[in-house]
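Have a look at query-v4.txt; it's compact mmCIF, N, CA and C atoms:
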```txt
# COMPACT_ATOMS: atom_id res chain seq x y z
N GLN A 1 -1.83 80.37 -47.45
CA GLN A 1 -1.12 80.16 -48.70
C GLN A 1 0.33 80.61 -48.55
N VAL A 2 1.25 79.78 -48.96
CA VAL A 2 2.67 80.08 -48.82
C VAL A 2 3.14 80.93 -49.99
N ARG A 3 3.90 81.97 -49.68
CA ARG A 3 4.50 82.81 -50.72
C ARG A 3 6.00 82.87 -50.53
N LEU A 4 6.71 82.92 -51.66
CA LEU A 4 8.17 83.03 -51.67
C LEU A 4 8.54 84.32 -52.37
N VAL A 5 9.38 85.12 -51.74
CA VAL A 5 9.79 86.40 -52.32
C VAL A 5 11.31 86.49 -52.31
N GLU A 6 11.91 86.49 -53.51
CA GLU A 6 13.36 86.58 -53.63
C GLU A 6 13.81 88.03 -53.66
N SER A 7 15.05 88.23 -53.27
CA SER A 7 15.70 89.54 -53.38
C SER A 7 17.20 89.31 -53.40
N GLY A 8 17.94 90.38 -53.74
CA GLY A 8 19.39 90.31 -53.67
C GLY A 8 20.10 90.17 -55.00
N GLY A 9 19.34 90.02 -56.08
CA GLY A 9 19.99 89.94 -57.38
C GLY A 9 20.59 91.27 -57.78
N GLY A 10 21.36 91.25 -58.85
CA GLY A 10 21.96 92.48 -59.34
C GLY A 10 23.04 92.19 -60.36
N SER A 11 23.81 93.20 -60.66
CA SER A 11 24.90 93.09 -61.62
C SER A 11 26.23 93.12 -60.89
N VAL A 12 27.14 92.25 -61.29
CA VAL A 12 28.43 92.14 -60.62
C VAL A 12 29.47 91.73 -61.66
N GLN A 13 30.70 92.07 -61.42
CA GLN A 13 31.78 91.65 -62.32
C GLN A 13 32.21 90.24 -61.99
N ALA A 14 32.79 89.59 -62.97
CA ALA A 14 33.29 88.24 -62.77
C ALA A 14 34.25 88.20 -61.59
N GLY A 15 34.10 87.17 -60.77
CA GLY A 15 34.91 87.06 -59.57
C GLY A 15 34.26 87.63 -58.33
N GLY A 16 33.17 88.35 -58.54
CA GLY A 16 32.48 88.97 -57.42
C GLY A 16 31.53 88.03 -56.71
N SER A 17 30.82 88.58 -55.73
CA SER A 17 29.91 87.78 -54.90
C SER A 17 28.55 88.46 -54.79
N LEU A 18 27.55 87.64 -54.58
CA LEU A 18 26.20 88.12 -54.30
C LEU A 18 25.53 87.16 -53.33
N THR A 19 24.63 87.68 -52.53
CA THR A 19 23.81 86.83 -51.66
C THR A 19 22.35 87.05 -51.99
N LEU A 20 21.68 85.98 -52.37
CA LEU A 20 20.24 86.03 -52.64
C LEU A 20 19.48 85.61 -51.38
N SER A 21 18.33 86.22 -51.20
CA SER A 21 17.46 85.87 -50.08
C SER A 21 16.09 85.47 -50.59
N CYS A 22 15.45 84.59 -49.87
CA CYS A 22 14.08 84.16 -50.20
C CYS A 22 13.28 84.15 -48.91
N ALA A 23 12.42 85.13 -48.77
CA ALA A 23 11.56 85.20 -47.60
C ALA A 23 10.35 84.30 -47.81
N VAL A 24 10.11 83.43 -46.84
CA VAL A 24 9.00 82.49 -46.94
C VAL A 24 7.86 82.95 -46.03
N ALA A 25 6.78 83.32 -46.65
CA ALA A 25 5.60 83.73 -45.89
C ALA A 25 4.66 82.53 -45.80
N GLY A 26 4.55 81.97 -44.59
CA GLY A 26 3.76 80.76 -44.42
C GLY A 26 4.64 79.62 -43.96
N HIS A 27 4.05 78.46 -43.87
CA HIS A 27 4.76 77.29 -43.34
C HIS A 27 4.85 76.17 -44.36
N THR A 28 6.03 75.58 -44.45
CA THR A 28 6.22 74.36 -45.24
C THR A 28 6.82 73.30 -44.34
N SER A 29 6.60 72.06 -44.68
CA SER A 29 7.09 70.97 -43.86
C SER A 29 8.61 70.92 -43.85
N PRO A 30 9.21 70.71 -42.69
CA PRO A 30 10.67 70.54 -42.64
C PRO A 30 11.14 69.26 -43.33
N SER A 31 10.20 68.43 -43.71
CA SER A 31 10.55 67.20 -44.43
C SER A 31 10.50 67.40 -45.94
N ASN A 32 10.27 68.61 -46.39
CA ASN A 32 10.33 68.94 -47.81
C ASN A 32 11.56 69.77 -48.10
N TYR A 33 12.22 69.47 -49.20
CA TYR A 33 13.39 70.25 -49.60
C TYR A 33 12.99 71.68 -49.96
N MET A 34 13.93 72.58 -49.82
CA MET A 34 13.83 73.91 -50.40
C MET A 34 15.05 74.09 -51.29
N ALA A 35 14.89 74.89 -52.33
CA ALA A 35 15.98 74.93 -53.31
C ALA A 35 16.06 76.27 -54.03
N TRP A 36 17.18 76.45 -54.68
CA TRP A 36 17.39 77.53 -55.65
C TRP A 36 17.57 76.90 -57.02
N PHE A 37 16.88 77.48 -57.98
CA PHE A 37 17.04 77.11 -59.38
C PHE A 37 17.47 78.35 -60.16
N ARG A 38 17.92 78.15 -61.37
CA ARG A 38 18.21 79.27 -62.24
C ARG A 38 17.83 78.93 -63.67
N GLN A 39 17.53 79.98 -64.41
CA GLN A 39 17.14 79.80 -65.80
C GLN A 39 17.75 80.91 -66.64
N ALA A 40 18.62 80.53 -67.56
CA ALA A 40 19.22 81.48 -68.48
C ALA A 40 18.32 81.61 -69.70
N PRO A 41 18.40 82.73 -70.43
CA PRO A 41 17.55 82.92 -71.61
C PRO A 41 17.69 81.78 -72.60
N GLY A 42 16.56 81.22 -73.00
CA GLY A 42 16.57 80.16 -73.99
C GLY A 42 16.94 78.79 -73.46
N LYS A 43 17.13 78.69 -72.15
CA LYS A 43 17.54 77.41 -71.57
C LYS A 43 16.51 76.96 -70.54
N GLU A 44 16.59 75.69 -70.17
CA GLU A 44 15.65 75.17 -69.19
C GLU A 44 16.05 75.57 -67.78
N ARG A 45 15.10 75.48 -66.88
CA ARG A 45 15.37 75.78 -65.48
C ARG A 45 16.11 74.60 -64.85
N VAL A 46 17.21 74.92 -64.17
CA VAL A 46 18.03 73.88 -63.57
C VAL A 46 18.30 74.18 -62.10
N VAL A 47 18.52 73.12 -61.33
CA VAL A 47 18.77 73.29 -59.91
C VAL A 47 20.17 73.84 -59.66
N VAL A 48 20.26 74.68 -58.66
CA VAL A 48 21.55 75.21 -58.21
C VAL A 48 21.96 74.51 -56.92
N ALA A 49 21.05 74.52 -55.94
CA ALA A 49 21.33 73.92 -54.65
C ALA A 49 20.01 73.68 -53.93
N ALA A 50 20.04 72.76 -52.96
CA ALA A 50 18.86 72.47 -52.16
C ALA A 50 19.28 72.20 -50.73
N ILE A 51 18.31 72.32 -49.83
CA ILE A 51 18.55 72.05 -48.43
C ILE A 51 17.36 71.28 -47.87
N TYR A 52 17.65 70.32 -46.97
CA TYR A 52 16.61 69.55 -46.30
C TYR A 52 16.47 70.17 -44.91
N PRO A 53 15.44 70.98 -44.69
CA PRO A 53 15.36 71.76 -43.45
C PRO A 53 15.44 70.94 -42.16
N GLN A 54 14.91 69.74 -42.19
CA GLN A 54 14.85 68.95 -40.94
C GLN A 54 16.24 68.64 -40.41
N THR A 55 17.20 68.47 -41.32
CA THR A 55 18.56 68.11 -40.90
C THR A 55 19.60 69.13 -41.34
N ALA A 56 19.17 70.10 -42.15
CA ALA A 56 20.07 71.12 -42.70
C ALA A 56 21.12 70.52 -43.65
N VAL A 57 20.89 69.32 -44.11
CA VAL A 57 21.79 68.73 -45.11
C VAL A 57 21.59 69.48 -46.43
N THR A 58 22.68 69.75 -47.12
CA THR A 58 22.63 70.52 -48.36
C THR A 58 23.09 69.69 -49.55
N PHE A 59 22.64 70.10 -50.71
CA PHE A 59 22.95 69.42 -51.96
C PHE A 59 23.26 70.49 -53.01
N TYR A 60 24.18 70.17 -53.90
CA TYR A 60 24.59 71.14 -54.92
C TYR A 60 24.71 70.49 -56.29
N ALA A 61 24.37 71.27 -57.31
CA ALA A 61 24.72 70.85 -58.66
C ALA A 61 26.24 70.87 -58.78
N ASP A 62 26.76 69.96 -59.55
CA ASP A 62 28.23 69.79 -59.61
C ASP A 62 28.96 71.09 -59.94
N SER A 63 28.42 71.87 -60.86
CA SER A 63 29.13 73.07 -61.30
C SER A 63 29.11 74.19 -60.26
N MET A 64 28.31 74.03 -59.22
CA MET A 64 28.22 75.07 -58.19
C MET A 64 28.96 74.70 -56.91
N LYS A 65 29.38 73.46 -56.81
CA LYS A 65 30.06 73.03 -55.59
C LYS A 65 31.33 73.85 -55.36
N GLY A 66 31.48 74.31 -54.13
CA GLY A 66 32.67 75.07 -53.77
C GLY A 66 32.53 76.56 -53.99
N ARG A 67 31.57 76.97 -54.81
CA ARG A 67 31.38 78.40 -55.06
C ARG A 67 30.10 78.94 -54.43
N PHE A 68 29.06 78.11 -54.36
CA PHE A 68 27.78 78.55 -53.83
C PHE A 68 27.49 77.86 -52.51
N THR A 69 26.79 78.55 -51.63
CA THR A 69 26.39 77.99 -50.33
C THR A 69 24.93 78.31 -50.07
N ILE A 70 24.14 77.27 -49.86
CA ILE A 70 22.73 77.45 -49.51
C ILE A 70 22.59 77.31 -48.00
N SER A 71 21.73 78.15 -47.42
CA SER A 71 21.49 78.07 -45.99
C SER A 71 20.08 78.54 -45.70
N ARG A 72 19.64 78.27 -44.47
CA ARG A 72 18.29 78.67 -44.08
C ARG A 72 18.32 79.15 -42.65
N ASP A 73 17.72 80.31 -42.43
CA ASP A 73 17.58 80.87 -41.09
C ASP A 73 16.16 80.55 -40.64
N ASN A 74 16.03 79.56 -39.77
CA ASN A 74 14.68 79.12 -39.37
C ASN A 74 13.94 80.21 -38.61
N ALA A 75 14.65 80.98 -37.81
CA ALA A 75 14.00 82.02 -37.02
C ALA A 75 13.39 83.09 -37.93
N LYS A 76 14.08 83.39 -39.03
CA LYS A 76 13.59 84.40 -39.96
C LYS A 76 12.78 83.78 -41.09
N ASN A 77 12.72 82.46 -41.14
CA ASN A 77 12.03 81.75 -42.21
C ASN A 77 12.50 82.24 -43.58
N THR A 78 13.81 82.28 -43.72
CA THR A 78 14.42 82.83 -44.93
C THR A 78 15.47 81.87 -45.46
N LEU A 79 15.46 81.70 -46.76
CA LEU A 79 16.45 80.87 -47.46
C LEU A 79 17.47 81.78 -48.12
N TYR A 80 18.73 81.39 -48.10
CA TYR A 80 19.80 82.21 -48.67
C TYR A 80 20.61 81.41 -49.69
N LEU A 81 21.23 82.16 -50.59
CA LEU A 81 22.19 81.56 -51.50
C LEU A 81 23.37 82.52 -51.61
N LEU A 82 24.49 82.13 -51.04
CA LEU A 82 25.72 82.91 -51.15
C LEU A 82 26.47 82.42 -52.38
N MET A 83 26.76 83.36 -53.27
CA MET A 83 27.44 83.01 -54.52
C MET A 83 28.77 83.73 -54.59
N ASN A 84 29.83 82.98 -54.62
CA ASN A 84 31.19 83.51 -54.73
C ASN A 84 31.80 83.17 -56.08
N SER A 85 32.86 83.87 -56.41
CA SER A 85 33.62 83.60 -57.64
C SER A 85 32.68 83.49 -58.85
N LEU A 86 31.82 84.47 -58.96
CA LEU A 86 30.82 84.43 -60.02
C LEU A 86 31.46 84.53 -61.41
N LYS A 87 30.83 83.82 -62.34
CA LYS A 87 31.30 83.77 -63.72
C LYS A 87 30.20 84.29 -64.65
N PRO A 88 30.57 84.76 -65.83
CA PRO A 88 29.53 85.22 -66.77
C PRO A 88 28.47 84.15 -67.04
N GLU A 89 28.86 82.90 -67.03
CA GLU A 89 27.89 81.81 -67.29
C GLU A 89 26.92 81.60 -66.12
N ASP A 90 27.12 82.30 -65.01
CA ASP A 90 26.16 82.26 -63.91
C ASP A 90 25.01 83.23 -64.13
N THR A 91 25.09 84.03 -65.17
CA THR A 91 24.03 84.98 -65.48
C THR A 91 22.73 84.25 -65.76
N ALA A 92 21.68 84.59 -65.00
CA ALA A 92 20.40 83.90 -65.13
C ALA A 92 19.38 84.56 -64.21
N LEU A 93 18.14 84.12 -64.36
CA LEU A 93 17.08 84.48 -63.42
C LEU A 93 17.06 83.37 -62.36
N TYR A 94 17.23 83.75 -61.11
CA TYR A 94 17.32 82.79 -60.02
C TYR A 94 15.98 82.71 -59.28
N PHE A 95 15.53 81.48 -59.04
CA PHE A 95 14.25 81.23 -58.41
C PHE A 95 14.42 80.46 -57.11
N CYS A 96 13.63 80.84 -56.13
CA CYS A 96 13.49 80.09 -54.90
C CYS A 96 12.34 79.11 -55.09
N ALA A 97 12.49 77.88 -54.55
CA ALA A 97 11.45 76.87 -54.73
C ALA A 97 11.21 76.12 -53.43
N ALA A 98 9.95 75.75 -53.22
CA ALA A 98 9.57 74.97 -52.04
C ALA A 98 8.41 74.05 -52.42
N ARG A 99 8.03 73.24 -51.46
CA ARG A 99 6.96 72.27 -51.73
C ARG A 99 5.93 72.34 -50.63
N ALA A 100 4.66 72.52 -51.04
CA ALA A 100 3.56 72.55 -50.08
C ALA A 100 2.88 71.19 -49.98
N ALA A 101 3.02 70.37 -51.02
CA ALA A 101 2.40 69.05 -51.02
C ALA A 101 3.06 68.17 -49.95
N PRO A 102 2.43 67.09 -49.55
CA PRO A 102 3.01 66.21 -48.53
C PRO A 102 4.38 65.68 -48.93
N PRO A 103 5.23 65.42 -47.96
CA PRO A 103 6.55 64.86 -48.26
C PRO A 103 6.44 63.52 -48.97
N ILE A 104 7.44 63.24 -49.79
CA ILE A 104 7.51 61.97 -50.50
C ILE A 104 8.88 61.36 -50.27
N SER A 105 8.98 60.08 -50.41
CA SER A 105 10.27 59.41 -50.24
C SER A 105 11.02 59.41 -51.56
N GLY A 106 12.29 59.14 -51.50
CA GLY A 106 13.06 58.99 -52.73
C GLY A 106 13.73 60.24 -53.23
N GLY A 107 13.85 61.26 -52.40
CA GLY A 107 14.59 62.44 -52.84
C GLY A 107 13.77 63.33 -53.75
N GLY A 108 14.37 63.76 -54.84
CA GLY A 108 13.67 64.64 -55.77
C GLY A 108 14.13 66.07 -55.68
N TRP A 109 15.15 66.31 -54.88
CA TRP A 109 15.57 67.70 -54.63
C TRP A 109 16.00 68.43 -55.89
N SER A 110 16.45 67.72 -56.89
CA SER A 110 16.96 68.36 -58.10
C SER A 110 15.92 68.53 -59.20
N ARG A 111 14.73 68.02 -59.00
CA ARG A 111 13.72 68.01 -60.05
C ARG A 111 12.78 69.21 -59.96
N VAL A 112 12.56 69.88 -61.06
CA VAL A 112 11.61 71.00 -61.10
C VAL A 112 10.24 70.54 -60.64
N GLY A 113 9.83 69.35 -61.05
CA GLY A 113 8.50 68.84 -60.75
C GLY A 113 8.25 68.53 -59.29
N TYR A 114 9.30 68.41 -58.50
CA TYR A 114 9.14 68.14 -57.07
C TYR A 114 8.53 69.34 -56.36
N TYR A 115 8.81 70.53 -56.87
CA TYR A 115 8.43 71.77 -56.19
C TYR A 115 7.13 72.33 -56.75
N ASP A 116 6.27 72.82 -55.87
CA ASP A 116 5.01 73.41 -56.32
C ASP A 116 4.85 74.85 -55.87
N LEU A 117 5.89 75.40 -55.26
CA LEU A 117 5.88 76.80 -54.86
C LEU A 117 7.11 77.47 -55.45
N TRP A 118 6.91 78.60 -56.12
CA TRP A 118 8.01 79.31 -56.77
C TRP A 118 7.91 80.80 -56.49
N GLY A 119 9.06 81.41 -56.33
CA GLY A 119 9.10 82.85 -56.25
C GLY A 119 9.06 83.46 -57.64
N GLN A 120 9.13 84.78 -57.68
CA GLN A 120 9.02 85.48 -58.97
C GLN A 120 10.35 85.55 -59.70
N GLY A 121 11.43 85.25 -59.01
CA GLY A 121 12.75 85.27 -59.61
C GLY A 121 13.47 86.58 -59.36
N THR A 122 14.78 86.49 -59.29
CA THR A 122 15.63 87.66 -59.16
C THR A 122 16.79 87.52 -60.14
N GLN A 123 17.07 88.59 -60.88
CA GLN A 123 18.06 88.53 -61.96
C GLN A 123 19.47 88.70 -61.43
N VAL A 124 20.35 87.84 -61.88
CA VAL A 124 21.78 87.95 -61.59
C VAL A 124 22.50 88.09 -62.93
N THR A 125 23.28 89.15 -63.06
CA THR A 125 24.03 89.38 -64.29
C THR A 125 25.50 89.54 -63.93
N VAL A 126 26.34 88.70 -64.54
CA VAL A 126 27.77 88.73 -64.27
C VAL A 126 28.49 89.13 -65.55
N SER A 127 29.25 90.21 -65.48
CA SER A 127 29.96 90.71 -66.64
C SER A 127 31.44 90.33 -66.57
N SER A 128 32.03 90.15 -67.73
CA SER A 128 33.43 89.73 -67.79
C SER A 128 34.35 90.93 -67.79
```
Go ahead and render the structure in this file as structure tokens.
Amino acid sequence: QVRLVESGGGSVQAGGSLTLSCAVAGHTSPSNYMAWFRQAPGKERVVVAAIYPQTAVTFYADSMKGRFTISRDNAKNTLYLLMNSLKPEDTALYFCAARAAPPISGGGWSRVGYYDLWGQGTQVTVSS
């Protein structure tokens, strides 16, 4: 059974940086995307960034482009999210997501429903 464990959240002032980590215990197909999502209080869960492990191609939500960087260390089986120039509106619970089901065609990296494995979340709070 695959488990995802996030770490690295915390409190930071606007303009600061944080790096989130997601340790993956178990194996997932390199043909399945892995992603970071976030959910602010009272709002829906939305994608932040995703990576296609087989090619290391990355994808970002428009509002995160240029500020956030997703990466994966295959040797450590760990997913990362480097967040720079943080803003108060980045405050949310951040989740690591992966897929254990067989790969499917047609993308889906941005959809909550594509992923069937979730971490417990790590809180990021940005103060102004």
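Using only C-alpha atoms, the nearest neighbour of Gln54 (chain A) within the list A:Tyr33, A:Phe68, A:Trp118, A:Tyr94 is A:Tyr33.
Picture a line from CA of Ser31 (chain A) to atom N of Pro102 (chain A); it runs 9.6 Å.
Of the residues under consideration (A:Cys96, A:Val126, A:Ser110, A:Ala40), A:Ser110 shows the shortest atom-to-atom contact distance to Thr58 (chain A) when counting only C-alpha atoms.
In this comparison, which uses only C-alpha atoms, the residue of A:Gly9, A:Glu89, A:Ala98, A:Arg72 approaching Ala35 (chain A) most closely is A:Ala98.
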Within 7 Å of Ala50 (chain A) using all atoms listed in the file, minus same-chain residues under 4 positions, as a VMD selection string: chain A and resid 33 to 36 57 to 61 70 109
Residues of the last selection are to be written out with N, CA and C atoms, as a PDB file, keeping the file's coordinate frame.
```pdb
ATOM      1  N   TYR A  33      12.220  69.470 -49.200  1.00  0.00           N
ATOM      2  CA  TYR A  33      13.390  70.250 -49.600  1.00  0.00           C
ATOM      3  C   TYR A  33      12.990  71.680 -49.960  1.00  0.00           C
ATOM      4  N   MET A  34      13.930  72.580 -49.820  1.00  0.00           N
ATOM      5  CA  MET A  34      13.830  73.910 -50.400  1.00  0.00           C
ATOM      6  C   MET A  34      15.050  74.090 -51.290  1.00  0.00           C
ATOM      7  N   ALA A  35      14.890  74.890 -52.330  1.00  0.00           N
ATOM      8  CA  ALA A  35      15.980  74.930 -53.310  1.00  0.00           C
ATOM      9  C   ALA A  35      16.060  76.270 -54.030  1.00  0.00           C
ATOM     10  N   TRP A  36      17.180  76.450 -54.680  1.00  0.00           N
ATOM     11  CA  TRP A  36      17.390  77.530 -55.650  1.00  0.00           C
ATOM     12  C   TRP A  36      17.570  76.900 -57.020  1.00  0.00           C
ATOM     13  N   VAL A  57      20.890  69.320 -44.110  1.00  0.00           N
ATOM     14  CA  VAL A  57      21.790  68.730 -45.110  1.00  0.00           C
ATOM     15  C   VAL A  57      21.590  69.480 -46.430  1.00  0.00           C
ATOM     16  N   THR A  58      22.680  69.750 -47.120  1.00  0.00           N
ATOM     17  CA  THR A  58      22.630  70.520 -48.360  1.00  0.00           C
ATOM     18  C   THR A  58      23.090  69.690 -49.550  1.00  0.00           C
ATOM     19  N   PHE A  59      22.640  70.100 -50.710  1.00  0.00           N
ATOM     20  CA  PHE A  59      22.950  69.420 -51.960  1.00  0.00           C
ATOM     21  C   PHE A  59      23.260  70.490 -53.010  1.00  0.00           C
ATOM     22  N   TYR A  60      24.180  70.170 -53.900  1.00  0.00           N
ATOM     23  CA  TYR A  60      24.590  71.140 -54.920  1.00  0.00           C
ATOM     24  C   TYR A  60      24.710  70.490 -56.290  1.00  0.00           C
ATOM     25  N   ALA A  61      24.370  71.270 -57.310  1.00  0.00           N
ATOM     26  CA  ALA A  61      24.720  70.850 -58.660  1.00  0.00           C
ATOM     27  C   ALA A  61      26.240  70.870 -58.780  1.00  0.00           C
ATOM     28  N   ILE A  70      24.140  77.270 -49.860  1.00  0.00           N
ATOM     29  CA  ILE A  70      22.730  77.450 -49.510  1.00  0.00           C
ATOM     30  C   ILE A  70      22.590  77.310 -48.000  1.00  0.00           C
ATOM     31  N   TRP A 109      15.150  66.310 -54.880  1.00  0.00           N
ATOM     32  CA  TRP A 109      15.570  67.700 -54.630  1.00  0.00           C
ATOM     33  C   TRP A 109      16.000  68.430 -55.890  1.00  0.00           C
TER      34      TRP A 109
END
```
